[in-house]
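**Q** The structure file query.txt (compact mmCIF, C-alpha atoms) is provided below.
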# COMPACT_ATOMS: atom_id res chain seq x y z
CA MET A 1 -171.31 69.40 -83.70
CA SER A 2 -172.57 72.91 -83.20
CA PRO A 3 -170.22 75.87 -83.57
CA PRO A 4 -168.81 77.36 -80.36
CA SER A 5 -170.84 80.09 -78.75
CA SER A 6 -169.62 83.66 -78.59
CA LEU A 7 -169.04 83.18 -74.85
CA ALA A 8 -166.80 80.18 -75.51
CA ILE A 9 -164.88 82.12 -78.16
CA ALA A 10 -164.44 85.14 -75.87
CA THR A 11 -163.33 82.92 -72.97
CA GLY A 12 -160.84 81.10 -75.19
CA ALA A 13 -159.42 84.38 -76.46
CA LEU A 14 -158.95 85.64 -72.90
CA GLN A 15 -157.25 82.40 -71.86
CA ARG A 16 -154.90 82.65 -74.85
CA LEU A 17 -153.96 86.23 -73.94
CA ILE A 18 -153.29 85.26 -70.33
CA LYS A 19 -151.02 82.42 -71.48
CA GLU A 20 -149.29 84.80 -73.88
CA GLU A 21 -148.59 87.24 -71.04
CA ALA A 22 -147.17 84.45 -68.88
CA SER A 23 -144.97 83.37 -71.77
CA TYR A 24 -143.60 86.89 -72.19
CA HIS A 25 -142.86 87.08 -68.45
CA ASP A 26 -140.94 83.80 -68.67
CA GLU A 27 -139.07 85.06 -71.73
CA LEU A 28 -138.16 88.28 -69.91
CA LYS A 29 -136.77 86.35 -66.94
CA ALA A 30 -134.68 84.18 -69.26
CA GLN A 31 -133.36 87.24 -71.11
CA GLU A 32 -132.46 88.97 -67.86
CA ALA A 33 -130.63 85.84 -66.69
CA ARG A 34 -128.69 85.71 -69.98
CA LEU A 35 -127.79 89.39 -69.61
CA GLN A 36 -126.58 88.81 -66.06
CA LYS A 37 -124.50 85.87 -67.24
CA LEU A 38 -123.04 87.95 -70.07
CA THR A 39 -122.14 90.87 -67.80
CA ASN A 40 -120.44 88.50 -65.34
CA SER A 41 -118.43 86.67 -68.02
CA SER A 42 -115.21 87.68 -69.71
CA ASP A 43 -114.78 88.79 -73.31
CA GLU A 44 -113.56 85.52 -74.86
CA ASP A 45 -114.66 85.95 -78.47
CA GLY A 46 -114.27 89.70 -78.93
CA ASN A 47 -117.93 90.59 -79.29
CA HIS A 48 -118.88 90.78 -75.64
CA ASP A 49 -120.15 94.37 -75.81
CA TRP A 50 -122.22 93.61 -78.91
CA ASN A 51 -123.82 90.58 -77.22
CA ILE A 52 -124.71 92.67 -74.18
CA ARG A 53 -126.25 95.40 -76.35
CA GLN A 54 -128.25 92.80 -78.29
CA GLU A 55 -129.57 91.23 -75.10
CA ARG A 56 -130.54 94.63 -73.69
CA THR A 57 -132.36 95.44 -76.93
CA ALA A 58 -134.23 92.14 -76.71
CA ILE A 59 -135.22 92.90 -73.11
CA GLU A 60 -136.48 96.36 -74.09
CA GLN A 61 -138.51 94.88 -76.93
CA THR A 62 -140.06 92.29 -74.65
CA ARG A 63 -140.95 94.92 -72.06
CA ALA A 64 -142.54 97.05 -74.79
CA VAL A 65 -145.06 94.28 -75.46
CA PHE A 66 -146.63 94.43 -72.00
CA PRO A 67 -148.66 97.68 -72.19
CA SER A 68 -150.52 96.72 -75.35
CA LEU A 69 -150.93 93.15 -74.17
CA LYS A 70 -152.42 94.30 -70.87
CA GLN A 71 -154.84 96.52 -72.79
CA ARG A 72 -155.89 93.59 -74.97
CA ILE A 73 -156.40 91.46 -71.85
CA LEU A 74 -158.61 94.14 -70.29
CA GLU A 75 -160.66 94.39 -73.48
CA ALA A 76 -161.02 90.61 -73.66
CA GLN A 77 -162.01 90.52 -69.99
CA GLU A 78 -164.74 93.09 -70.60
CA ASN A 79 -165.90 91.12 -73.62
CA VAL A 80 -166.21 87.95 -71.51
CA LYS A 81 -168.17 89.86 -68.87
CA ARG A 82 -170.49 91.23 -71.54
CA GLN A 83 -170.92 87.82 -73.17
CA LEU A 84 -171.51 86.28 -69.76
CA GLU A 85 -174.31 88.72 -69.00
CA GLU A 86 -175.87 88.07 -72.38
CA GLY A 87 -175.36 84.32 -72.00
CA GLU A 88 -177.07 84.14 -68.64
CA ASN A 89 -180.03 86.01 -70.06
CA SER A 90 -180.25 83.83 -73.16
CA GLY A 91 -179.70 80.51 -71.40
CA ALA A 92 -176.14 79.72 -72.56
CA ASP A 93 -174.53 76.37 -71.86
CA GLU A 94 -173.92 76.00 -68.10
CA ILE A 95 -170.43 74.59 -68.61
CA GLU A 96 -169.37 77.59 -70.69
CA VAL A 97 -170.85 80.00 -68.15
CA LYS A 98 -169.05 78.22 -65.31
CA ARG A 99 -165.75 78.22 -67.21
CA ALA A 100 -166.05 81.95 -67.95
CA LYS A 101 -166.89 82.78 -64.32
CA GLU A 102 -163.95 80.73 -63.03
CA LEU A 103 -161.59 82.46 -65.43
CA LEU A 104 -162.77 85.91 -64.32
CA GLU A 105 -162.48 84.93 -60.65
CA ASN A 106 -158.92 83.66 -61.16
CA MET A 107 -157.95 86.98 -62.72
CA GLU A 108 -158.95 88.97 -59.65
How does this structure look as C-alpha cells?

**A**
Amino acid sequence: MSPPSSLAIATGALQRLIKEEASYHDELKAQEARLQKLTNSSDEDGNHDWNIRQERTAIEQTRAVFPSLKQRILEAQENVKRQLEEGENSGADEIEVKRAKELLENME
C-alpha cells in the first residue's frame, strides 16, 4: 500500500481540527449547563462557592482554546487549498481531490 499523499494528510488534519472544535463547543455547553445547575442549587456540602469558581475557571479555559484553534483551522484550510491546487496540476487521486473539495465546500 502506498503512503498517503500530502493532500490526504492535509485533508485529514483539517477534518481532525474541525472535529476538535466541535468537541470543544460541546464541552463548553456542558460546562455552562453544570454552572447553571450549580448556581440554581443550594449549598449542601459547604463548598458551593468553590465549585462555582472551579466551573467558571474551566469555562474560561475552554473559551481560551478557541482563538488559537480557529487560527490552526484557517492555516490547515489554506494548506488544503494549496495542496489541492498542486494535486490537480500533478494528477492526484480523484477521490482525494473530491474529498478535499467537499470538505472545503462544507466549511463555507

**Q** Quick one: everything within 10 Å of Gln54 in chain A, counting only C-alpha atoms, minus sequence neighbours fewer than 6 positions away in the same chain. Send it as a list in words.

**A**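 Close residues of Gln54 in chain A: Leu35, His48 and Glu60 of chain A.
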
**Q** Using Å and a single decimal, report how far CA of Leu104 in chain A sits from CA of Gly12 in chain A.

**A**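 Result for CA of Gly12 in chain A versus CA of Leu104 in chain A: 12.0 Å, one decimal.
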
**Q** Show which residues sit within 10 Å of Ala58 in chain A, as a PyMOL selection string. Count all atoms listed in the file, and ignore same-chain residues fewer than 2 positions away.

**A** chain A and resi 27-28+31-32+35+52-56+60-64

**Q** Just how far from CA of Ala100 in chain A is CA of Asp26 in chain A, in Å to one decimal?

**A**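 Value for the CA of Asp26 in chain A-CA of Ala100 in chain A distance: 25.2 Å.
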
**Q** Rounded to one decimal, what separation in Å do you get between CA of Gln15 in chain A and CA of Leu84 in chain A?

**A**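 These two atoms are separated by 14.9 Å.
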
**Q** So, with all atoms listed in the file as the atoms that count, which of A:Leu103, A:Leu74, A:Leu69, A:Val97 lies closest to Ser23 in chain A?

**A**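 Of the candidates, the smallest distance to Ser23 in chain A is held by A:Leu69.
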
**Q** Compile the contact shell of Ala76 in chain A as a list in words: residues with an atom at most 9 Å away, counting all atoms listed in the file, same-chain residues fewer than 5 positions apart removed.

**A** Ala10, Thr11, Ala13, Leu14, Leu17, Gln71 and Lys81 of chain A

**Q** Counting only C-alpha atoms, find residues at most 12 Å from (-173.3, 80.1, -74.2) (file frame) and give them as JSON, numbers by chain.

**A** {"A": [2, 3, 4, 5, 6, 7, 8, 9, 10, 11, 80, 82, 83, 84, 85, 86, 87, 88, 89, 90, 91, 92, 93, 94, 95, 96, 97, 98, 99, 100]}
